[in-house]
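Text of query.tsv, listed as TSV, C-alpha atoms:
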chain	number	residue	atom	x	y	z
V	100	MET	CA	14.14	-10.70	-1.92
V	101	GLU	CA	17.23	-8.68	-1.05
V	102	VAL	CA	17.73	-4.90	-0.88
V	103	LEU	CA	20.78	-4.05	-2.99
V	104	ASP	CA	21.15	-0.34	-2.33
V	105	VAL	CA	19.30	2.58	-0.78
V	106	GLN	CA	19.62	6.29	-1.45
V	107	SER	CA	17.95	9.40	-0.09
V	108	LEU	CA	15.97	11.65	-2.40
V	109	GLY	CA	17.11	14.62	-0.32
V	110	PHE	CA	13.71	15.29	1.25
V	111	GLU	CA	13.34	16.67	4.75
V	112	ALA	CA	11.03	13.70	5.39
V	113	SER	CA	14.04	11.40	5.53
V	114	GLU	CA	11.92	8.28	5.14
V	115	THR	CA	11.53	9.21	1.45
V	116	LEU	CA	13.97	6.77	-0.10
V	117	LEU	CA	14.83	5.13	-3.40
V	118	PHE	CA	16.04	1.54	-3.35
V	119	ARG	CA	16.68	-1.47	-5.56
V	120	VAL	CA	15.87	-5.14	-5.00
V	121	ASN	CA	17.38	-8.18	-6.65
V	122	GLU	CA	14.00	-9.63	-7.66
V	123	VAL	CA	10.40	-8.45	-7.76
V	124	PRO	CA	7.52	-10.69	-6.60
V	125	ASP	CA	4.94	-11.77	-9.16
V	126	THR	CA	1.90	-10.41	-7.31
V	127	PRO	CA	1.19	-7.19	-5.41
V	128	GLN	CA	0.11	-9.24	-2.38
V	129	GLU	CA	3.55	-10.88	-2.28
V	130	TRP	CA	5.09	-7.44	-2.65
V	131	ALA	CA	3.08	-6.22	0.36
V	132	GLU	CA	4.45	-9.07	2.45
V	133	ASN	CA	8.00	-8.44	1.26
V	134	LEU	CA	7.69	-4.70	1.83
V	135	HIS	CA	7.01	-5.34	5.49
V	136	GLN	CA	10.07	-7.59	5.66
V	137	ILE	CA	12.48	-5.24	3.87
V	138	PHE	CA	11.17	-2.13	5.61
V	139	PRO	CA	13.82	-2.13	8.39
V	140	ALA	CA	16.58	-2.74	5.84
V	141	VAL	CA	15.46	0.24	3.78
V	142	LEU	CA	14.85	2.67	6.61
V	143	GLY	CA	17.71	1.44	8.78
V	144	GLU	CA	18.12	3.41	11.97
V	145	LEU	CA	15.02	5.45	11.28
V	146	ALA	CA	12.97	2.44	12.35
V	147	ILE	CA	14.54	2.35	15.81
V	148	GLY	CA	12.07	3.76	18.29
V	149	GLY	CA	9.60	4.61	15.57
V	150	PRO	CA	6.06	3.35	15.04
V	151	ARG	CA	5.57	-0.34	14.47
V	152	LEU	CA	4.12	-0.72	10.99
V	153	ILE	CA	1.95	-3.43	9.51
V	154	GLU	CA	0.61	-4.17	6.06
V	155	HIS	CA	-2.62	-2.33	5.52
V	156	PRO	CA	-5.44	-4.18	7.37
V	157	ASP	CA	-7.46	-4.36	4.16
V	158	PRO	CA	-5.78	-7.13	2.11
V	159	ASN	CA	-7.13	-5.59	-1.09
V	160	ILE	CA	-5.04	-2.46	-0.59
V	161	ALA	CA	-2.16	-3.81	-2.65
V	162	TYR	CA	-2.41	-3.73	-6.40
V	163	SER	CA	-0.59	-3.54	-9.69
V	164	MET	CA	-0.62	-0.70	-12.20
V	165	GLN	CA	0.10	-1.18	-15.90
V	166	ARG	CA	0.74	1.44	-18.55
V	167	ARG	CA	0.82	0.58	-22.24
V	168	SER	CA	1.89	2.91	-25.05
V	169	ASP	CA	-0.49	1.16	-27.49
V	170	GLY	CA	-3.42	2.96	-25.84
V	171	SER	CA	-4.91	-0.13	-24.17
V	172	GLN	CA	-3.96	1.11	-20.70
V	173	TRP	CA	-3.32	4.82	-20.57
V	174	ARG	CA	-4.52	7.93	-18.75
V	175	ASP	CA	-5.83	11.18	-20.09
V	176	TRP	CA	-3.89	14.28	-19.10
V	177	TRP	CA	-6.80	15.29	-16.86
V	178	ALA	CA	-6.79	12.02	-14.88
V	179	GLY	CA	-6.78	12.59	-11.12
V	180	ASP	CA	-3.44	10.91	-10.42
V	181	HIS	CA	-1.67	13.47	-12.62
V	182	PHE	CA	-2.31	16.07	-9.91
V	183	TRP	CA	-0.40	16.36	-6.62
V	184	HIS	CA	-2.13	14.13	-4.08
V	185	VAL	CA	-1.83	11.83	-1.05
V	186	ASP	CA	-3.07	8.25	-0.75
V	187	GLY	CA	-5.73	6.72	1.41
V	188	THR	CA	-7.53	9.75	2.85
V	189	ARG	CA	-10.85	7.91	2.53
V	190	TRP	CA	-9.63	4.63	4.07
V	191	PRO	CA	-10.52	3.78	7.69
V	192	VAL	CA	-6.79	3.59	8.47
V	193	GLN	CA	-4.70	5.98	6.42
V	194	PRO	CA	-1.38	4.46	5.33
V	195	VAL	CA	1.79	5.80	6.91
V	196	LEU	CA	4.04	4.77	4.02
V	197	THR	CA	3.54	3.87	0.37
V	198	GLY	CA	5.93	1.38	-1.17
V	199	SER	CA	6.11	0.98	-4.95
V	200	VAL	CA	8.37	-1.25	-7.01
V	201	CYS	CA	8.78	-1.67	-10.76
V	202	LYS	CA	8.11	-5.17	-12.09
V	203	GLU	CA	8.59	-4.46	-15.81
V	204	ALA	CA	9.53	-1.41	-17.88
V	205	ALA	CA	10.67	-0.58	-21.39
V	206	GLY	CA	13.89	1.07	-20.26
V	207	PRO	CA	14.25	3.75	-17.54
V	208	VAL	CA	10.88	5.53	-17.38
V	209	PRO	CA	10.48	8.85	-15.51
V	210	GLY	CA	7.00	8.05	-14.24
V	211	THR	CA	6.42	9.32	-10.67
V	212	GLU	CA	7.23	12.72	-9.20
V	213	LEU	CA	7.45	13.39	-5.46
V	214	LEU	CA	7.14	16.74	-3.67
V	215	ASP	CA	8.58	17.68	-0.27
V	216	THR	CA	5.82	19.28	1.84
V	217	VAL	CA	8.21	19.95	4.74
V	218	LYS	CA	10.21	22.32	2.54
V	219	LEU	CA	6.94	23.60	1.06
V	220	LEU	CA	5.74	24.65	4.52
V	221	GLN	CA	9.01	26.43	5.29
V	222	ILE	CA	9.04	28.26	1.95
V	223	SER	CA	5.45	29.45	2.46
V	224	LEU	CA	6.34	30.70	5.95
V	225	ASP	CA	9.46	32.48	4.66
V	226	ASP	CA	7.35	34.08	1.93
V	227	LYS	CA	4.89	35.34	4.57
V	228	PHE	CA	2.11	33.64	2.60
V	229	TRP	CA	0.08	32.90	5.74
V	230	ALA	CA	1.00	36.11	7.58
V	231	LYS	CA	-0.26	38.19	4.64
V	232	ARG	CA	-3.64	36.52	5.21
V	233	GLY	CA	-3.71	37.23	8.92
V	234	LEU	CA	-2.47	33.81	10.10
V	235	ASN	CA	0.56	33.25	12.34
V	236	ASP	CA	2.36	29.97	12.99
V	237	HIS	CA	0.13	29.20	15.97
V	238	ASP	CA	-3.02	29.78	13.92
V	239	LEU	CA	-1.95	27.12	11.42
V	240	ASP	CA	-2.12	24.47	14.14
V	241	TYR	CA	-5.86	25.09	14.39
V	242	LEU	CA	-6.66	24.71	10.70
V	243	LYS	CA	-8.11	21.55	9.25
V	244	VAL	CA	-8.40	20.38	5.66
V	245	ILE	CA	-11.56	18.53	4.68
V	246	PHE	CA	-10.82	15.79	2.17
V	247	ALA	CA	-13.66	14.48	0.01
V	248	ASP	CA	-13.49	12.06	-2.89
V	249	SER	CA	-16.10	14.14	-4.72
V	250	THR	CA	-13.74	17.14	-4.94
V	251	TYR	CA	-12.47	16.01	-8.33
V	252	GLN	CA	-16.01	16.05	-9.76
V	253	ARG	CA	-17.16	19.19	-7.97
V	254	GLN	CA	-14.08	21.44	-8.25
V	255	ALA	CA	-11.44	20.06	-10.61
V	256	MET	CA	-13.54	18.99	-13.58
V	257	PRO	CA	-15.48	22.28	-14.03
V	258	TYR	CA	-12.12	24.05	-14.21
V	259	LEU	CA	-10.50	21.53	-16.58
V	260	ARG	CA	-13.35	21.08	-19.08
V	261	PRO	CA	-12.71	24.34	-21.00
V	262	PHE	CA	-9.16	23.13	-21.73
V	263	MET	CA	-10.34	19.83	-23.22
V	264	THR	CA	-10.84	19.12	-26.90
V	265	GLN	CA	-14.28	17.97	-28.00
V	266	GLN	CA	-12.94	14.43	-28.28
V	267	GLU	CA	-11.64	14.59	-24.71
V	268	GLN	CA	-14.95	15.95	-23.45
V	269	ASP	CA	-16.76	13.10	-25.20
V	270	ARG	CA	-14.41	10.62	-23.55
V	271	LEU	CA	-14.99	12.21	-20.15
V	272	GLN	CA	-18.74	11.93	-20.70
V	273	GLN	CA	-18.36	8.24	-21.53
V	274	ILE	CA	-16.27	7.62	-18.41
V	275	THR	CA	-18.78	9.48	-16.25
V	276	ALA	CA	-21.67	7.48	-17.74
V	277	ILE	CA	-19.83	4.25	-16.86
V	278	ASP	CA	-19.26	5.47	-13.28
V	279	ILE	CA	-22.94	6.42	-12.94
V	280	ALA	CA	-24.00	3.02	-14.25
V	281	LYS	CA	-21.74	1.27	-11.73
V	282	ALA	CA	-23.14	3.40	-8.90
V	283	ASN	CA	-26.73	2.64	-9.97
V	284	ALA	CA	-25.89	-1.07	-10.02
V	285	GLU	CA	-24.57	-0.78	-6.45
V	286	LEU	CA	-27.75	1.00	-5.35
V	287	LEU	CA	-29.93	-1.61	-7.04
V	288	GLY	CA	-27.92	-4.42	-5.45
V	289	ALA	CA	-28.42	-2.79	-2.04
V	290	GLY	CA	-32.17	-2.55	-2.64
V	291	VAL	CA	-32.15	1.26	-2.73
V	292	ASP	CA	-34.90	2.82	-4.87
V	293	ARG	CA	-32.80	5.58	-6.37
V	294	THR	CA	-31.32	6.36	-9.79
V	295	LEU	CA	-28.38	8.67	-10.44
V	296	THR	CA	-28.54	10.68	-13.66
V	297	SER	CA	-25.98	13.51	-13.44
V	298	ASP	CA	-22.45	14.46	-12.37
V	299	GLU	CA	-23.91	16.12	-9.28
V	300	ASP	CA	-25.82	12.95	-8.39
V	301	LEU	CA	-22.61	10.98	-8.73
V	302	ALA	CA	-20.69	13.44	-6.51
V	303	ASP	CA	-23.42	13.20	-3.83
V	304	TYR	CA	-23.27	9.41	-3.98
V	305	ILE	CA	-19.48	9.41	-3.63
V	306	ASP	CA	-19.75	11.58	-0.50
V	307	GLU	CA	-22.30	9.17	0.94
V	308	LYS	CA	-20.17	6.14	0.15
V	309	TYR	CA	-16.94	7.75	1.34
V	310	PRO	CA	-17.83	10.46	3.89
V	311	PRO	CA	-15.48	13.47	3.90
V	312	LYS	CA	-12.74	13.37	6.55
V	313	GLU	CA	-10.87	16.12	8.37
V	314	PHE	CA	-7.09	16.26	8.81
V	315	HIS	CA	-4.89	18.85	10.46
V	316	LEU	CA	-3.22	21.16	7.95
V	317	ILE	CA	0.06	20.86	9.91
V	318	ARG	CA	1.14	17.27	10.53
V	319	THR	CA	4.49	15.83	11.57
V	320	THR	CA	6.36	13.26	9.52
V	321	PRO	CA	6.27	9.76	11.05
V	322	PHE	CA	10.00	9.23	11.71
V	323	SER	CA	11.94	12.45	11.24
V	324	GLY	CA	9.30	14.46	13.13
V	325	HIS	CA	9.27	17.54	10.87
V	326	ASP	CA	6.22	19.78	10.49
V	327	SER	CA	4.68	19.53	7.02
V	328	LEU	CA	1.63	20.66	5.09
V	329	PHE	CA	-1.12	18.12	4.51
V	330	LEU	CA	-3.12	19.18	1.45
V	331	ASP	CA	-3.22	18.47	-2.27
V	332	ALA	CA	-3.63	20.16	-5.64
V	333	GLY	CA	-7.36	19.71	-6.00
V	334	GLY	CA	-7.96	15.99	-6.21
V	335	ARG	CA	-9.56	15.55	-2.78
V	336	ALA	CA	-8.79	18.48	-0.45
V	337	ALA	CA	-12.09	20.34	-0.63
V	338	GLU	CA	-12.14	22.91	2.18
V	339	LEU	CA	-9.94	24.64	4.75
V	340	VAL	CA	-11.62	25.48	8.06
V	341	ASP	CA	-10.70	26.82	11.49
V	342	LEU	CA	-10.87	24.04	14.08
V	343	ASP	CA	-12.54	26.19	16.75
V	344	THR	CA	-14.68	28.72	14.88
V	345	ARG	CA	-15.38	26.58	11.78
V	346	GLN	CA	-14.63	29.68	9.73
V	347	ASP	CA	-14.33	28.80	6.04
V	348	MET	CA	-10.85	29.59	4.69
V	349	THR	CA	-11.08	27.65	1.45
V	350	SER	CA	-10.15	30.72	-0.58
V	351	ILE	CA	-6.73	30.60	1.11
V	352	LEU	CA	-6.39	26.96	0.06
V	353	ARG	CA	-7.11	27.95	-3.54
V	354	ASP	CA	-4.60	30.81	-3.35
V	355	PHE	CA	-1.98	28.41	-2.00
V	356	ARG	CA	-2.44	25.99	-4.89
V	357	TRP	CA	-2.02	28.73	-7.47
V	358	GLU	CA	1.01	30.15	-5.65
V	359	TYR	CA	2.97	26.94	-5.06
V	360	LEU	CA	1.48	23.88	-6.79
V	361	ALA	CA	0.60	25.10	-10.29
V	362	GLY	CA	2.65	24.42	-13.40
V	363	ASP	CA	6.41	24.09	-12.96
V	364	THR	CA	6.51	26.10	-9.72
V	365	PRO	CA	7.33	23.10	-7.47
V	366	ARG	CA	10.32	22.20	-9.65
V	367	ARG	CA	11.49	25.80	-9.82
V	368	LEU	CA	11.41	25.94	-6.02
V	369	GLY	CA	13.48	22.75	-5.76
V	370	LEU	CA	10.71	20.78	-4.06
V	371	THR	CA	10.51	17.72	-6.30
V	372	SER	CA	12.29	14.55	-7.34
V	373	ILE	CA	11.39	12.20	-10.22
V	374	VAL	CA	11.59	8.42	-9.94
V	375	ASP	CA	12.91	6.71	-13.06
V	376	TRP	CA	11.23	3.32	-13.15
V	377	GLU	CA	13.11	0.24	-14.27
V	378	PRO	CA	12.80	-3.37	-13.08
V	379	GLY	CA	13.79	-3.73	-9.43
V	380	VAL	CA	13.67	-0.01	-8.62
V	381	GLY	CA	11.46	0.87	-5.68
V	382	VAL	CA	10.52	3.90	-3.63
V	383	ILE	CA	9.16	4.36	-0.13
V	384	PHE	CA	7.58	7.66	0.86
V	385	PRO	CA	5.35	8.85	3.71
V	386	GLN	CA	1.85	10.21	3.15
V	387	VAL	CA	2.66	12.92	5.69
V	388	GLY	CA	5.65	14.85	4.36
V	389	THR	CA	5.22	14.30	0.63
V	390	LEU	CA	2.83	14.71	-2.26
V	391	HIS	CA	3.13	12.62	-5.40
V	392	ARG	CA	1.76	12.43	-8.91
V	393	ALA	CA	2.11	10.39	-12.09
V	394	LEU	CA	3.80	12.37	-14.84
V	395	PRO	CA	1.22	13.13	-17.55
V	396	GLY	CA	1.84	12.18	-21.16
V	397	ASN	CA	4.24	9.40	-20.24
V	398	ASP	CA	2.55	6.03	-20.74
V	399	VAL	CA	5.64	4.09	-21.71
V	400	ASP	CA	5.16	0.35	-21.12
V	401	ARG	CA	5.64	-0.52	-17.46
V	402	SER	CA	4.14	-2.50	-14.58
V	403	LEU	CA	4.34	-1.50	-10.92
V	404	HIS	CA	3.30	-3.11	-7.64
V	405	LEU	CA	1.97	-0.79	-4.93
V	406	ALA	CA	1.45	-1.62	-1.27
V	407	PHE	CA	0.98	0.34	1.93
V	408	LEU	CA	2.20	0.17	5.50
V	409	SER	CA	-0.12	1.38	8.24
V	410	GLN	CA	0.32	2.11	11.89
V	411	ALA	CA	-0.14	-1.00	14.01
V	412	ARG	CA	-2.40	-1.41	16.97
V	413	PHE	CA	0.26	-0.77	19.60
V	414	SER	CA	1.18	-3.06	22.46
V	415	ALA	CA	4.15	-3.22	24.80
V	416	LEU	CA	6.75	-4.24	22.25
V	417	PRO	CA	10.50	-3.77	22.80
V	418	ASN	CA	12.17	-1.10	20.64
V	419	PHE	CA	8.82	0.27	19.52
V	420	PRO	CA	7.48	2.75	22.08
V	421	ALA	CA	4.03	3.83	20.95
V	422	PRO	CA	3.83	7.29	19.36
V	423	PRO	CA	0.55	9.22	19.30
V	424	ALA	CA	-2.36	7.48	17.60
V	425	VAL	CA	-2.18	9.94	14.72
V	426	PHE	CA	0.74	11.96	13.50
V	427	VAL	CA	-0.36	15.51	14.28
V	428	LYS	CA	1.49	18.28	15.97
Encoded form (structure tokens):
Amino acid sequence: MEVLDVQSLGFEASETLLFRVNEVPDTPQEWAENLHQIFPAVLGELAIGGPRLIEHPDPNIAYSMQRRSDGSQWRDWWAGDHFWHVDGTRWPVQPVLTGSVCKEAAGPVPGTELLDTVKLLQISLDDKFWAKRGLNDHDLDYLKVIFADSTYQRQAMPYLRPFMTQQEQDRLQQITAIDIAKANAELLGAGVDRTLTSDEDLADYIDEKYPPKEFHLIRTTPFSGHDSLFLDAGGRAAELVDLDTRQDMTSILRDFRWEYLAGDTPRRLGLTSIVDWEPGVGVIFPQVGTLHRALPGNDVDRSLHLAFLSQARFSALPNFPAPPAVFVK
């Protein structure tokens, strides 16, 4: 597989790049292997002196996504990946970079939108968003965001339900019933005498299966080294707390989402770029420095491979001096 051309999307996190390859592997596992091989060609000089990256240690973290306009494979407008989010916050090793490539598509399809969280941080500072709430630049370094997979059930869905039609609410209920049944099957298989019956039960089970994790609100991008905001638009970021005092500042997190991540605000502020999928088109973007989402209402036929590059276990390798174990300021 050969990289034909590479172009910047104009993000401050300069490792956010669009590229094209001459052929796309048949399987996502092959794509993961190829992504590791083409990585230096795509990032060029950015890779010099940067972190050595490996395919994600879990071989299952490479998969394909299909969308079909006939309704066989589609997503409701309230599906979680239609909201600004980051990947892998629940995984033992969070990916540094996501690499996606289009295998098939019915013409150019605007399907994925990326958001620059380096610019987002600077805009919020210029607007005095944090200062108006009694927080200076130094204070932000001591804030942590708690990510939990149950956030979608606990926070997003109660807000979204009133906007759903009765048919959509019925569909949501069916999907939730399927998820509860799967969870009960897992409990039964593990020999646990417990039965889930409600949304709240399911959310509790999700938190037990994938314990919430804390990340610094301010994190630096892996290659360009810019400060950025690490949060999302409600899919998993559940709470904002002070690192030292454990003071709950979640109301500020909610205010921030309404101020900067709602509706067309990110586009109006010039924070976003849309990837038009067609066969051979790929994109690499860091989990620290960007948010991304699938564009709702756009299930034109297409097939994508997704794979992830994670930070390696470092050793004394030439040209790859080891950076900190995690990318925090």
Exercise. Within 12 Å of V:Ser113, counting only C-alpha atoms, which residues show up once you throw out same-chain ones fewer than 2 positions away? Write them as a ChimeraX atom specification, please.
Key: /V:106-111,115-117,141-146,215-218,320-325,383-385,387-389
Quiz prompt | Selected residue of minimal separation from V:Leu286 among V:Glu267, V:Asp341, V:Glu307, V:Asp180, counting only C-alpha atoms | solution =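 Ranking V:Glu267, V:Asp341, V:Glu307, V:Asp180 by distance to V:Leu286, first place goes to V:Glu307.
Taking all atoms listed in the file into account, V:Val382 lies nearest to V:Gly210 out of the set V:Gly290, V:Pro365, V:Gly210, V:Pro311.
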Quiz item: Which residues, written as a PyMOL selection string, have at least one atom at most 8 Å from V:Asp375, with all atoms listed in the file counted and residues fewer than 5 positions away on the same chain left out?
Solution: chain V and resi 207-211
Kindly export the residues of the current selection with C-alpha atoms, as an mmCIF file, keeping the file's coordinate frame.
data_model
loop_
_atom_site.group_PDB
_atom_site.id
_atom_site.type_symbol
_atom_site.label_atom_id
_atom_site.label_comp_id
_atom_site.auth_asym_id
_atom_site.auth_seq_id
_atom_site.Cartn_x
_atom_site.Cartn_y
_atom_site.Cartn_z
ATOM 1 C CA PRO V 207 14.250 3.750 -17.540
ATOM 2 C CA VAL V 208 10.880 5.530 -17.380
ATOM 3 C CA PRO V 209 10.480 8.850 -15.510
ATOM 4 C CA GLY V 210 7.000 8.050 -14.240
ATOM 5 C CA THR V 211 6.420 9.320 -10.670
#
Practice problem: Choose the residue, out of V:Ala247, V:Val380, V:Ala337, V:Val291, that has the smallest atom-to-atom separation from V:Ile305; count only C-alpha atoms. | Solution: V:Ala247
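Closest approach to V:Ala161 among V:Gly233, V:Gly379, V:Pro191, V:Pro127 is made by V:Pro127 (distances from all atoms listed in the file).
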Quiz item: Near V:Ala302, counting all atoms listed in the file, which residues have an atom at most 10 Å away, once you skip same-chain residues fewer than 5 positions from it, shown as a list of chain:residue names?
Solution: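 My reading of the contact set: V:Ala247, V:Asp248, V:Ser249, V:Thr250, V:Tyr251, V:Gln252, V:Arg253, V:Ile279, V:Leu295, V:Ser297, V:Glu307, V:Lys308.
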Practice problem: List the neighbours of V:Pro124 out to 9 Å using only C-alpha atoms; skip same-chain residues closer than 6 positions along the sequence, and give me the result as an NGL selection string. | Solution: :V and (100 or 130 or 133 or 202 or 404)
Self-check item: Selected residue of minimal separation from V:Arg270 among V:Ala361, V:Ala178, V:Leu213, V:Ala289, counting only C-alpha atoms
Solution: V:Ala178
Quiz item: Which value, in Å to one decimal, gives the distance between atom CA of V:Gln273 and atom CA of V:Thr296?
Solution: 13.1 Å
